[in-house]
Each structure stands twice: as C-alpha cells, then as structure tokens.
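> This is input_27.cif (mmCIF, C-alpha atoms).
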```
data_start
#
loop_
_atom_site.label_atom_id
_atom_site.label_comp_id
_atom_site.auth_asym_id
_atom_site.auth_seq_id
_atom_site.Cartn_x
_atom_site.Cartn_y
_atom_site.Cartn_z
CA MET Y 217 24.40 30.15 55.02
CA SER Y 218 22.09 27.48 53.75
CA GLN Y 219 22.33 26.24 50.14
CA THR Y 220 19.70 24.91 47.77
CA PRO Y 221 20.37 21.41 46.36
CA SER Y 222 20.92 22.82 42.87
CA GLN Y 223 23.77 25.15 43.92
CA THR Y 224 27.40 24.51 44.80
CA PRO Y 225 29.29 26.90 47.10
CA SER Y 226 30.85 28.63 44.06
CA GLN Y 227 27.51 29.19 42.27
CA THR Y 228 24.93 31.91 42.59
CA PRO Y 229 21.35 31.51 41.29
CA SER Y 230 22.23 33.55 38.20
CA GLN Y 231 25.10 31.20 37.39
CA THR Y 232 23.02 27.99 37.59
CA GLN Y 233 22.88 26.31 34.17
CA THR Y 234 19.51 25.21 32.80
CA PRO Y 235 19.80 21.81 31.09
CA GLN Y 236 19.21 22.00 27.35
CA SER Y 237 16.16 20.04 26.22
CA THR Y 238 16.74 17.31 23.64
CA SER Y 239 14.27 15.61 21.32
CA ILE Y 240 12.77 12.39 22.61
CA VAL Y 241 12.04 11.21 19.04
CA ALA Y 242 14.38 8.55 17.65
CA ASP Y 243 16.41 9.33 14.53
CA ARG Y 244 14.78 6.45 12.63
CA ILE Y 245 11.36 8.06 13.06
CA LYS Y 246 12.67 11.37 11.74
CA ARG Y 247 13.57 9.59 8.49
CA ILE Y 248 9.93 8.93 7.64
CA LYS Y 249 6.85 11.07 7.05
CA LEU Y 250 3.13 11.04 7.74
CA SER Y 251 1.09 9.06 5.23
CA PRO Y 252 -0.15 11.48 2.52
CA SER Y 253 -3.56 9.80 2.63
CA VAL Y 254 -3.84 10.66 6.33
CA ALA Y 255 -2.68 14.22 5.66
CA ALA Y 256 -5.21 14.61 2.84
CA ARG Y 257 -8.07 13.44 5.03
CA ALA Y 258 -7.17 16.07 7.63
CA ILE Y 259 -7.38 18.85 5.01
CA ILE Y 260 -10.65 17.45 3.66
CA ALA Y 261 -12.15 17.38 7.16
CA GLU Y 262 -11.09 21.00 7.75
CA LEU Y 263 -12.66 22.19 4.48
CA ARG Y 264 -15.88 20.34 5.20
CA GLU Y 265 -16.06 21.98 8.60
CA GLN Y 266 -15.92 25.29 6.74
CA GLY Y 267 -19.01 24.26 4.80
CA ARG Y 268 -17.29 23.25 1.54
CA ARG Y 269 -18.62 20.24 -0.37
CA ILE Y 270 -15.58 18.09 -1.12
CA ILE Y 271 -15.68 14.95 -3.27
CA ASP Y 272 -13.06 12.68 -1.73
CA LEU Y 273 -11.30 10.52 -4.33
CA THR Y 274 -8.26 9.80 -2.14
CA ILE Y 275 -9.50 6.81 -0.16
CA GLY Y 276 -7.83 3.47 -0.88
CA GLU Y 277 -10.49 1.17 0.51
CA PRO Y 278 -13.71 -0.42 -0.78
CA ASP Y 279 -16.82 1.55 0.11
CA PHE Y 280 -18.87 -1.65 0.48
CA SER Y 281 -19.88 -3.18 3.80
CA THR Y 282 -18.24 -6.44 4.76
CA PRO Y 283 -20.47 -9.25 3.39
CA VAL Y 284 -23.13 -10.52 5.79
CA HIS Y 285 -21.86 -14.12 6.04
CA ILE Y 286 -18.44 -12.85 7.16
CA ARG Y 287 -19.93 -10.57 9.82
CA GLN Y 288 -22.11 -13.42 11.04
CA ALA Y 289 -19.04 -15.64 11.41
CA ALA Y 290 -17.46 -13.01 13.67
CA THR Y 291 -20.60 -12.81 15.81
CA ALA Y 292 -20.73 -16.59 16.10
CA ALA Y 293 -17.08 -16.69 17.18
CA MET Y 294 -17.74 -14.15 19.93
CA ASN Y 295 -20.78 -16.09 21.10
CA ARG Y 296 -18.62 -19.24 21.30
CA GLY Y 297 -16.21 -17.36 23.55
CA GLU Y 298 -13.38 -17.06 21.01
CA THR Y 299 -12.22 -13.81 22.57
CA LYS Y 300 -9.00 -14.91 24.26
CA TYR Y 301 -5.38 -14.42 23.25
CA PRO Y 302 -4.82 -16.08 19.87
CA PRO Y 303 -1.58 -17.85 18.84
CA ALA Y 304 1.05 -15.27 17.89
CA GLN Y 305 1.48 -16.85 14.45
CA GLY Y 306 -2.27 -17.08 13.79
CA THR Y 307 -4.93 -19.74 14.31
CA VAL Y 308 -4.26 -23.05 12.63
CA ALA Y 309 -7.68 -22.97 10.95
CA LEU Y 310 -7.01 -19.60 9.30
CA ARG Y 311 -3.51 -20.61 8.23
CA ARG Y 312 -4.94 -23.76 6.62
CA ALA Y 313 -7.47 -21.65 4.71
CA ALA Y 314 -4.68 -19.30 3.66
CA ALA Y 315 -2.63 -22.29 2.50
CA GLN Y 316 -5.42 -23.36 0.17
CA HIS Y 317 -5.74 -19.85 -1.23
CA LEU Y 318 -1.95 -19.64 -1.68
CA LEU Y 319 -1.90 -22.96 -3.53
CA GLU Y 320 -4.49 -21.66 -5.99
CA ALA Y 321 -2.76 -18.30 -6.39
CA THR Y 322 0.90 -19.37 -6.57
CA GLY Y 323 0.96 -23.11 -7.26
CA VAL Y 324 3.08 -23.59 -4.11
CA GLU Y 325 1.92 -25.85 -1.28
CA TYR Y 326 2.74 -24.13 2.01
CA PRO Y 327 2.51 -26.02 5.31
CA VAL Y 328 0.90 -24.02 8.11
CA GLY Y 329 4.28 -23.63 9.81
CA ARG Y 330 5.43 -21.49 6.89
CA ILE Y 331 2.43 -19.15 7.11
CA MET Y 332 1.79 -16.39 9.62
CA VAL Y 333 -1.13 -14.06 10.29
CA SER Y 334 -0.63 -10.39 11.18
CA THR Y 335 -2.61 -7.25 11.85
CA GLY Y 336 -3.05 -6.45 8.17
CA ALA Y 337 -0.86 -7.17 5.16
CA LYS Y 338 1.03 -3.99 6.02
CA GLN Y 339 2.35 -5.57 9.20
CA VAL Y 340 3.43 -8.67 7.28
CA ILE Y 341 5.53 -6.43 5.02
CA PHE Y 342 6.93 -4.52 7.99
CA ASN Y 343 7.76 -7.74 9.84
CA GLY Y 344 9.50 -9.13 6.77
CA LEU Y 345 11.69 -6.04 6.38
CA ALA Y 346 12.40 -5.71 10.11
CA ALA Y 347 13.41 -9.36 10.36
CA THR Y 348 15.85 -9.26 7.43
CA LEU Y 349 17.31 -5.81 6.80
CA ASN Y 350 20.71 -4.80 8.08
CA ASP Y 351 21.84 -1.17 7.94
CA GLY Y 352 22.53 -0.18 4.34
CA ASP Y 353 20.76 -3.10 2.68
CA GLU Y 354 19.01 -1.96 -0.49
CA VAL Y 355 15.39 -2.69 -1.39
CA LEU Y 356 14.32 -2.28 -5.02
CA ILE Y 357 10.87 -0.70 -5.37
CA PRO Y 358 9.35 -0.17 -8.83
CA ALA Y 359 8.05 3.40 -9.12
CA PRO Y 360 5.27 4.49 -8.97
CA PHE Y 361 4.92 2.67 -5.65
CA TRP Y 362 2.63 2.49 -2.65
CA VAL Y 363 3.65 5.35 -0.38
CA SER Y 364 4.47 3.16 2.65
CA TYR Y 365 7.09 0.94 1.01
CA PRO Y 366 10.06 3.36 1.15
CA ASP Y 367 9.32 4.53 4.68
CA MET Y 368 9.02 0.97 5.99
CA VAL Y 369 12.44 0.28 4.46
CA LEU Y 370 13.94 3.45 5.95
CA VAL Y 371 12.65 2.90 9.47
CA ASN Y 372 14.25 -0.56 9.44
CA GLY Y 373 17.67 0.73 8.42
CA GLY Y 374 17.43 -0.13 4.74
CA VAL Y 375 17.90 1.99 1.63
CA PRO Y 376 14.89 2.22 -0.71
CA VAL Y 377 15.95 2.25 -4.37
CA ALA Y 378 13.28 3.36 -6.84
CA VAL Y 379 13.27 1.48 -10.15
CA GLU Y 380 11.69 3.76 -12.73
CA THR Y 381 8.90 2.49 -14.95
CA LYS Y 382 7.32 4.17 -17.96
CA PRO Y 383 3.75 4.73 -19.16
CA ALA Y 384 4.80 3.10 -22.44
CA THR Y 385 5.33 -0.21 -20.62
CA GLY Y 386 2.14 0.18 -18.58
CA TYR Y 387 4.18 1.28 -15.54
CA LYS Y 388 5.73 -2.21 -15.30
CA VAL Y 389 9.38 -2.80 -14.50
CA THR Y 390 11.40 -4.36 -17.32
CA PRO Y 391 14.16 -6.98 -17.00
CA GLU Y 392 16.70 -4.42 -18.27
CA ALA Y 393 15.73 -1.85 -15.62
CA LEU Y 394 15.82 -4.50 -12.90
CA GLU Y 395 19.26 -5.72 -13.97
CA ARG Y 396 20.66 -2.17 -13.87
CA ALA Y 397 19.29 -1.54 -10.38
CA ILE Y 398 20.78 -4.62 -8.68
CA THR Y 399 23.98 -4.10 -6.66
CA PRO Y 400 25.90 -6.26 -4.15
CA ARG Y 401 23.84 -4.54 -1.39
CA THR Y 402 20.45 -5.47 -2.87
CA LYS Y 403 18.44 -7.58 -0.41
CA TRP Y 404 14.85 -7.43 -1.73
CA LEU Y 405 12.76 -6.69 -4.81
CA MET Y 406 9.23 -5.62 -3.84
CA MET Y 407 6.44 -6.21 -6.36
CA ASN Y 408 2.76 -5.25 -6.20
CA ALA Y 409 0.31 -6.34 -8.89
CA PRO Y 410 -2.31 -5.24 -9.59
CA SER Y 411 -0.49 -2.14 -8.49
CA ASN Y 412 -1.32 0.70 -6.17
CA PRO Y 413 -1.33 3.35 -7.67
CA THR Y 414 -1.25 2.37 -11.36
CA GLY Y 415 -3.41 -0.77 -11.56
CA SER Y 416 -0.69 -2.52 -13.60
CA VAL Y 417 -0.95 -6.28 -14.14
CA TYR Y 418 1.96 -8.41 -15.38
CA THR Y 419 1.69 -11.12 -18.02
CA ALA Y 420 3.33 -14.53 -17.62
CA ASP Y 421 6.01 -13.60 -20.19
CA GLU Y 422 6.80 -10.33 -18.41
CA LEU Y 423 7.19 -12.15 -15.10
CA ARG Y 424 9.32 -14.82 -16.72
CA GLY Y 425 11.74 -12.15 -17.92
CA LEU Y 426 12.03 -10.67 -14.41
CA ALA Y 427 12.48 -14.13 -12.90
CA GLN Y 428 15.42 -14.82 -15.21
CA VAL Y 429 17.15 -11.73 -13.84
CA LEU Y 430 16.53 -12.81 -10.24
CA GLU Y 431 17.86 -16.27 -11.00
CA ARG Y 432 21.19 -14.65 -11.94
CA HIS Y 433 21.31 -12.84 -8.58
CA PRO Y 434 20.67 -15.41 -5.82
CA GLN Y 435 21.24 -12.85 -3.03
CA VAL Y 436 18.09 -10.93 -4.02
CA TRP Y 437 14.85 -11.98 -2.34
CA LEU Y 438 11.39 -11.32 -3.75
CA MET Y 439 8.45 -9.89 -1.81
CA THR Y 440 5.08 -9.96 -3.58
CA ASP Y 441 2.26 -7.78 -2.26
CA ASP Y 442 -0.81 -9.51 -3.71
CA ILE Y 443 -3.47 -7.57 -1.81
CA TYR Y 444 -5.24 -6.50 -5.05
CA ALA Y 445 -4.80 -9.82 -6.89
CA ARG Y 446 -8.53 -10.60 -6.88
CA LEU Y 447 -9.43 -7.17 -8.33
CA ASN Y 448 -8.25 -7.86 -11.87
CA PHE Y 449 -10.19 -6.49 -14.87
CA THR Y 450 -8.33 -8.37 -17.63
CA GLY Y 451 -10.73 -11.29 -17.61
CA GLU Y 452 -7.92 -13.63 -16.57
CA PRO Y 453 -6.61 -14.62 -13.12
CA THR Y 454 -3.63 -12.62 -11.89
CA VAL Y 455 -0.41 -14.46 -12.73
CA HIS Y 456 1.95 -14.85 -9.78
CA PRO Y 457 5.76 -14.90 -10.21
CA LEU Y 458 5.96 -18.30 -8.49
CA GLN Y 459 3.68 -19.80 -11.13
CA VAL Y 460 6.27 -19.10 -13.82
CA ALA Y 461 9.36 -19.54 -11.61
CA PRO Y 462 8.56 -21.94 -8.75
CA GLY Y 463 12.25 -22.18 -7.89
CA LEU Y 464 12.07 -18.66 -6.45
CA ALA Y 465 9.82 -19.89 -3.62
CA ALA Y 466 12.93 -20.58 -1.52
CA ARG Y 467 13.56 -16.80 -1.36
CA THR Y 468 10.11 -15.28 -1.71
CA LEU Y 469 7.76 -13.77 0.86
CA VAL Y 470 4.17 -13.84 -0.43
CA VAL Y 471 1.94 -11.22 1.20
CA ASN Y 472 -1.85 -11.08 1.04
CA GLY Y 473 -4.89 -10.34 3.17
CA VAL Y 474 -8.63 -9.84 3.21
CA SER Y 475 -8.86 -6.05 3.24
CA LYS Y 476 -9.44 -5.20 -0.42
CA ALA Y 477 -11.08 -8.27 -1.98
CA TYR Y 478 -13.58 -8.79 0.86
CA ALA Y 479 -14.13 -5.14 1.98
CA MET Y 480 -12.54 -5.88 5.35
CA THR Y 481 -10.09 -3.01 5.80
CA GLY Y 482 -11.07 -2.38 9.41
CA TRP Y 483 -10.75 -6.02 10.46
CA ARG Y 484 -6.95 -5.79 10.02
CA ILE Y 485 -6.00 -9.27 8.88
CA GLY Y 486 -3.14 -10.10 6.54
CA TYR Y 487 -1.01 -13.18 6.06
CA GLY Y 488 2.41 -14.05 4.72
CA ALA Y 489 4.05 -17.23 3.49
CA GLY Y 490 7.69 -18.01 2.86
CA PRO Y 491 10.69 -20.13 3.84
CA GLU Y 492 10.60 -21.53 7.37
CA GLU Y 493 13.59 -19.52 8.64
CA LEU Y 494 12.04 -16.24 7.51
CA ILE Y 495 8.56 -16.95 8.88
CA LYS Y 496 10.04 -18.10 12.20
CA ALA Y 497 12.02 -14.85 12.51
CA MET Y 498 8.94 -12.78 11.66
CA ALA Y 499 6.87 -14.71 14.21
CA ILE Y 500 9.47 -14.06 16.94
CA LEU Y 501 9.40 -10.36 16.13
CA GLN Y 502 5.60 -10.26 16.18
CA SER Y 503 5.46 -12.15 19.47
CA GLN Y 504 7.38 -9.28 21.06
CA SER Y 505 5.43 -6.47 19.39
CA THR Y 506 1.72 -6.86 18.60
CA SER Y 507 1.47 -10.59 19.34
CA GLY Y 508 -1.48 -12.32 17.66
CA ALA Y 509 -4.05 -10.57 15.48
CA SER Y 510 -7.59 -10.21 16.83
CA SER Y 511 -9.20 -13.61 17.42
CA VAL Y 512 -12.60 -12.33 16.25
CA SER Y 513 -11.10 -10.85 13.08
CA GLN Y 514 -9.35 -14.14 12.38
CA ALA Y 515 -12.67 -15.97 12.61
CA ALA Y 516 -14.14 -13.50 10.12
CA ALA Y 517 -11.15 -13.90 7.79
CA LEU Y 518 -11.49 -17.68 7.97
CA GLU Y 519 -15.05 -17.38 6.69
CA ALA Y 520 -13.92 -14.91 4.00
CA LEU Y 521 -11.31 -17.31 2.60
CA SER Y 522 -13.25 -20.56 2.99
CA GLY Y 523 -16.86 -19.40 2.55
CA PRO Y 524 -18.81 -18.29 -0.56
CA GLN Y 525 -16.71 -16.26 -2.99
CA ASP Y 526 -19.54 -14.63 -4.96
CA CYS Y 527 -18.90 -11.30 -3.23
CA VAL Y 528 -15.37 -11.08 -4.62
CA ALA Y 529 -16.54 -11.43 -8.22
CA GLU Y 530 -19.34 -8.93 -7.60
CA PHE Y 531 -16.97 -6.35 -6.08
CA ALA Y 532 -14.56 -6.74 -9.01
CA LYS Y 533 -17.45 -6.27 -11.47
CA VAL Y 534 -18.57 -3.07 -9.74
CA PHE Y 535 -15.04 -1.68 -9.62
CA ARG Y 536 -14.61 -2.36 -13.33
CA GLN Y 537 -17.81 -0.40 -14.06
CA ARG Y 538 -16.51 2.46 -11.94
CA ARG Y 539 -13.15 2.37 -13.69
CA ASP Y 540 -14.84 2.59 -17.07
CA LEU Y 541 -16.90 5.57 -15.90
CA ALA Y 542 -13.84 7.38 -14.53
CA ILE Y 543 -11.89 6.83 -17.76
CA ALA Y 544 -14.83 7.99 -19.88
CA GLU Y 545 -15.27 11.16 -17.82
CA LEU Y 546 -11.56 12.03 -17.83
CA SER Y 547 -10.99 11.25 -21.50
CA GLY Y 548 -10.22 14.33 -23.53
CA THR Y 549 -9.15 16.36 -20.49
CA PRO Y 550 -6.52 18.81 -21.77
CA GLY Y 551 -3.07 18.07 -20.36
CA LEU Y 552 -3.88 14.61 -18.95
CA ASP Y 553 -2.54 11.32 -20.32
CA ILE Y 554 -4.05 8.15 -18.88
CA VAL Y 555 -2.88 4.54 -18.89
CA VAL Y 556 -6.05 2.48 -18.37
CA PRO Y 557 -5.64 0.51 -15.12
CA GLN Y 558 -6.03 -3.26 -15.39
CA GLY Y 559 -6.82 -3.85 -11.74
CA ALA Y 560 -7.11 -2.39 -8.20
CA PHE Y 561 -9.26 0.77 -7.92
CA TYR Y 562 -7.12 3.74 -8.95
CA VAL Y 563 -6.56 5.91 -12.02
CA PHE Y 564 -3.09 7.44 -12.26
CA PRO Y 565 -3.09 10.28 -14.81
CA ASP Y 566 0.10 11.90 -16.08
CA CYS Y 567 -0.51 15.62 -15.61
CA SER Y 568 2.88 16.90 -16.78
CA GLY Y 569 1.11 18.58 -19.72
CA LEU Y 570 -0.52 20.97 -17.25
CA LEU Y 571 2.64 22.05 -15.45
CA GLY Y 572 3.61 25.62 -16.18
CA ARG Y 573 0.05 26.71 -16.88
CA LYS Y 574 -1.76 29.41 -14.92
CA THR Y 575 -4.95 29.26 -12.88
CA PRO Y 576 -7.75 31.81 -13.39
CA ALA Y 577 -6.30 33.63 -10.37
CA GLY Y 578 -2.90 33.90 -12.10
CA ASP Y 579 -1.04 31.29 -10.02
CA VAL Y 580 1.41 29.04 -11.84
CA ILE Y 581 0.90 25.27 -11.60
CA ALA Y 582 4.56 24.36 -11.14
CA THR Y 583 4.17 20.87 -9.64
CA ASP Y 584 1.67 18.05 -9.31
CA THR Y 585 1.17 19.17 -5.71
CA ASP Y 586 0.15 22.62 -6.97
CA LEU Y 587 -2.34 20.92 -9.27
CA THR Y 588 -3.92 18.82 -6.51
CA HIS Y 589 -4.28 21.95 -4.35
CA TYR Y 590 -5.88 23.77 -7.29
CA LEU Y 591 -8.32 20.90 -7.89
CA LEU Y 592 -9.26 20.94 -4.21
CA ARG Y 593 -9.89 24.70 -4.20
CA GLU Y 594 -11.34 25.15 -7.69
CA ALA Y 595 -13.19 21.87 -8.26
CA GLY Y 596 -13.81 20.69 -4.72
CA VAL Y 597 -12.21 17.33 -5.55
CA ALA Y 598 -9.51 15.69 -3.43
CA VAL Y 599 -6.83 13.54 -5.11
CA ILE Y 600 -3.23 12.73 -4.08
CA ASP Y 601 -0.16 14.14 -5.81
CA GLY Y 602 2.22 11.78 -7.59
CA HIS Y 603 5.29 12.92 -5.63
CA ALA Y 604 4.04 10.73 -2.80
CA TYR Y 605 4.23 7.69 -5.11
CA GLY Y 606 7.68 8.42 -6.49
CA ALA Y 607 6.27 9.80 -9.75
CA PRO Y 608 6.30 13.61 -10.02
CA GLY Y 609 3.97 15.00 -12.66
CA THR Y 610 1.12 12.61 -11.87
CA PHE Y 611 -1.71 12.20 -9.38
CA ARG Y 612 -3.79 9.31 -7.99
CA LEU Y 613 -7.56 9.19 -8.12
CA SER Y 614 -9.48 6.43 -6.34
CA PHE Y 615 -12.66 5.08 -7.88
CA ALA Y 616 -13.60 3.25 -4.68
CA ALA Y 617 -16.47 5.72 -4.49
CA SER Y 618 -20.09 6.00 -5.61
CA LEU Y 619 -20.93 6.38 -9.30
CA ASP Y 620 -22.30 9.86 -8.56
CA ASP Y 621 -19.08 10.97 -6.85
CA ILE Y 622 -16.95 9.52 -9.64
CA LYS Y 623 -19.03 11.19 -12.36
CA GLN Y 624 -19.23 14.56 -10.62
CA GLY Y 625 -15.63 14.49 -9.41
CA CYS Y 626 -14.08 13.56 -12.77
CA SER Y 627 -16.31 16.07 -14.56
CA ALA Y 628 -15.18 18.79 -12.15
CA ILE Y 629 -11.53 17.85 -12.71
CA ARG Y 630 -11.99 18.06 -16.46
CA GLU Y 631 -13.61 21.50 -16.22
CA ALA Y 632 -10.96 22.81 -13.79
CA CYS Y 633 -8.13 21.63 -16.05
CA ALA Y 634 -9.78 23.31 -19.03
CA LYS Y 635 -9.60 26.65 -17.19
CA LEU Y 636 -5.79 26.54 -16.95
CA ALA Y 637 -4.24 29.01 -19.39
#
```
Please lay out the structure from this file as structure tokens.

Amino acid sequence: MSQTPSQTPSQTPSQTQTPQSTSIVADRIKRIKLSPSVAARAIIAELREQGRRIIDLTIGEPDFSTPVHIRQAATAAMNRGETKYPPAQGTVALRRAAAQHLLEATGVEYPVGRIMVSTGAKQVIFNGLAATLNDGDEVLIPAPFWVSYPDMVLVNGGVPVAVETKPATGYKVTPEALERAITPRTKWLMMNAPSNPTGSVYTADELRGLAQVLERHPQVWLMTDDIYARLNFTGEPTVHPLQVAPGLAARTLVVNGVSKAYAMTGWRIGYGAGPEELIKAMAILQSQSTSGASSVSQAAALEALSGPQDCVAEFAKVFRQRRDLAIAELSGTPGLDIVVPQGAFYVFPDCSGLLGRKTPAGDVIATDTDLTHYLLREAGVAVIDGHAYGAPGTFRLSFAASLDDIKQGCSAIREACAKLA
C-alpha cells in the first residue's frame, strides 16, 4: 500500500498532526505601540469620509511650505547629478554647516568626524539608544514626554523611567526629582526644550542645577533633543545645557534637524553630535541599516543651515501669534488649566477638572481619552489625549494650523466643555 510523504506506517490521515502556527512578530516589537498621532489621523480620515467636518489640531508639523531658496537648492543639486549614494555619516559640507550651527547653539566646537547625519532627528535618537543600551539599562525621561521616547527605549532593550514634572514648575524637571530618579542602572537622561508637548523652556539657572546633579553621577549620559530650539517665544535664545556646563560634552549627544524650524518635515534630515566613540558606533549601525540620508535632502538641508535665516524668525513670529490666539480662545474654559507654552507649537491643557462630569448624552468623562473622544464627536475637533505623553488628565493641542482653524477649533472646545454637567 502506498503512503503519502506526510504519513508514517503507524499513522492514518486522521492521526496526522497539524503544526501549530506561531507569531512571526518579534517580542521587542510587541513591547511598543502605534504612534497615537498616526492612530488619530486614521480616525480623522474615517470621519471625514463619512462627511463630517473635522478640525485637526493633532498634527506636529509646520503647515508652511519649505522656503523657496531651500527647494531651489535641492533642484540645483539634482541638476548637478548629486543623486548617487551619499556617505553613510553624511556629506562633509552638511556636517560643516551643522558644526557651525552647533557652535552657536551649544558653545562647543565639533569636528565633522563627531557629527553624523540621519534620516530625521528621530533616527539620530534611535541610533544613539541602539548603539548604547544594554538590556535593563534605564533611561530617564521627564514627563510629559514626546510619545516616541519610551518606545524607542523599549525596543532597544532599555527601561524607560518617567520623571514627573508639575504645572507649578512649568512642566520642567527639578534637580531634586532628577536626583531621586537616578539609580546604578541609569544610562541616559533625555531632555527636550522647548518641549513637545508642553512648550517648556529652561533658564540658565535651572539647567545649572540639573548639571550639578549629573556631575555627581558620571555614569549618566545626557541626550538633548533640540529640534524646537529655534521656535522660542521668550524673546531670548534657547539656553543649551552645554553652555552652562561645557564639561558634560564628553557624555552628551546633541540632536537637532531641519524639520521644525525650516518646515522640512518631509525631507527627513536630522543630525547628531557627540564624543567620537559614540558617533562612530552610531555610524556603524546606520551603515548596516538605512545607510546615508537622501543626497538631495542633504543638499536642501545645507542651504537651510547656511543660507538666509529670515524664514526661521518669520515662522517663530507666526507661531507666537497662533499661540496667543489659542490661549485667548481657551481662556476661561471651565475645567481647563493652562500653562502658557514658551516655545514649540503646542498647548497642553490640564483637563482633570472635567473628569467625572457627564456629557449631554449622559456618558461619564472618566479619562482624558474619554474627553478627546467627546471633543471629536461633539465639537468636531481632534486633539490627542495626555496618556500618550505620560500625563493622564491632560491633552495636547497643536497650533501648527491656520488662524481660522485655531479660532474655530478652540471655540468649539470651549463650548463643548461648557456642556459637561
């Protein structure tokens, strides 16, 4: 009697075991979640398809076009044939321009060998964590924080540790809170100022106090995400930690890029600077992953950093006007407390005063997520809940939108909140 290949002499077809399927997805990916901004956009798109008018105040990018002189530089680069593989660490010309910007921003003179270019500042941060974290290493992240920080730590085997901040201190971490959070496993402190989502800006004295703590703990490295540094509404340049504590440069990774200040989010260019050993490790990692960032985008970024800077001041001026409008429209909203942002382009209201109230339909607003869903349904305004930023009882509103959308959206939020019993 003939046998099929899947049977042994002692088996019948009914006895043949079907292999159990297993997940192809790695455990490290299961630790992280989809970006809440991406999830919000999917819901907004669905509602718009249903014919609803939705004012989207979730987007964290300038709504301006990239300035003409920067776009022209990209076109010229293509016409010159600069469309080949770029150096994995970035073009020398762009790294020189970044070095000049870093000198002005930090007071530290970085040679081009200690600077690398990546596909956005986000990749610089990811590379820095991937190149340094061992399993169980802790990364201190002041909360509220940008949503991607903890997940980038998790996917690289680290442990994100939220350091709580308070509205009373402008959502800025204090030396006392930092000292309490440091353990023998602490590898990094991540700082972002002006902050996403709070718009917080540190003074020189505040940074000096934090630097004194770090000086007592030489195993802790500092990563500064300076992507919003040029969008500062205080009337003064953003103070960098290395300006008040230059000795920390030996264990600091400075991260920046062109996305926010120059309205170049889609060009995907960021750069990082730090000690030679760290940058070399990050460059090796990048050479085996994405390799070099787009040659055309690098040419555009070179023009952004080294060309006319009028556009940066103009963008900052417009964002300040929009901030003032958003604050004026939200002022007096029952249940909302607002710390006026000093930079970036977000308002981060505390909505804990609304929790426990009921909607006109009788539903209880138990969480900030419930509130954002209510605002979407009732007011037709999309914002992001504070849970995503490590701050339950809050939400983030972006004023990188038109004056009409800001005025109408904030007015609709105020009216919807007033309806809660």
> Report as JSON, numbers by chain all protein, DNA and RNA residues lying within 8 Å of Thr585 in chain Y, evaluated on only C-alpha atoms, omitting residues in the same chain fewer than 4 positions from it.
{"Y": [589, 600, 601, 602, 603]}
> When you look at range 355-362 of chain Y with a cut-off of 8 Å (counting all atoms listed in the file), what residues show up, excluding the ones that are within fewer than 6 positions of it in the same chain? I need them as an NGL selection string.
:Y and (369 or 374-381 or 387-389 or 397-398 or 402-407 or 411-414 or 605-607)
> From (-21.0, 5.2, -8.7), in the file's coordinates, out to 10 Å: which residues are reached, counting only C-alpha atoms? Answer as a list of chain:residue names.
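Residues with an atom close enough to that point: Y:Val534, Y:Phe535, Y:Gln537, Y:Arg538, Y:Arg539, Y:Leu541, Y:Ala542, Y:Phe615, Y:Ala616, Y:Ala617, Y:Ser618, Y:Leu619, Y:Asp620, Y:Asp621, Y:Ile622, Y:Lys623, Y:Gln624.
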> What's around range 416-418 of chain Y at 9 Å? Count only C-alpha atoms, leave out sequence neighbours fewer than 6 positions away in its own chain, and write the answer as a PyMOL selection string.
chain Y and resi 386-388+408-410+445+448+450+454-456+556-560
> Got a sec: who's within 9 Å of Thr468 in chain Y, counting all atoms listed in the file, leaving out chain neighbours fewer than 5 positions off, as an MDAnalysis selection string?
chainID Y and resid 437:440 458 489:491
> What would the selection look like, as a PyMOL selection string, if the PyMOL selection byres ((chain Y and resi 259) around 12) were run on the coordinates I just shared?
chain Y and resi 252-258+260-266+268+270+272+274+589+592-593+596-600
> What's around Leu370 in chain Y at 12 Å? Count all atoms listed in the file, leave out sequence neighbours fewer than 6 positions away in its own chain, and write the answer as a list of chain:residue names.
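Near Leu370 in chain Y, the qualifying residues are Y:Asp243, Y:Arg244, Y:Ile245, Y:Lys246, Y:Arg247, Y:Ile248, Y:Lys249, Y:Phe342, Y:Leu345, Y:Ala346, Y:Leu349, Y:Asn350, Y:Asp351, Y:Gly352, Y:Asp353, Y:Glu354, Y:Val355, Y:Ser364, Y:Pro376, Y:Val377.
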> Restricting it to C-alpha atoms, dump the selection as a short mmCIF file (atom, residue, chain, number, x, y, z; two decimals), in the frame of the given file.

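And here is the file that came out, out15.cif:
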```
data_model
loop_
_atom_site.label_atom_id
_atom_site.label_comp_id
_atom_site.auth_asym_id
_atom_site.auth_seq_id
_atom_site.Cartn_x
_atom_site.Cartn_y
_atom_site.Cartn_z
CA ASP Y 243 16.41 9.33 14.53
CA ARG Y 244 14.78 6.45 12.63
CA ILE Y 245 11.36 8.06 13.06
CA LYS Y 246 12.67 11.37 11.74
CA ARG Y 247 13.57 9.59 8.49
CA ILE Y 248 9.93 8.93 7.64
CA LYS Y 249 6.85 11.07 7.05
CA PHE Y 342 6.93 -4.52 7.99
CA LEU Y 345 11.69 -6.04 6.38
CA ALA Y 346 12.40 -5.71 10.11
CA LEU Y 349 17.31 -5.81 6.80
CA ASN Y 350 20.71 -4.80 8.08
CA ASP Y 351 21.84 -1.17 7.94
CA GLY Y 352 22.53 -0.18 4.34
CA ASP Y 353 20.76 -3.10 2.68
CA GLU Y 354 19.01 -1.96 -0.49
CA VAL Y 355 15.39 -2.69 -1.39
CA SER Y 364 4.47 3.16 2.65
CA PRO Y 376 14.89 2.22 -0.71
CA VAL Y 377 15.95 2.25 -4.37
#
```
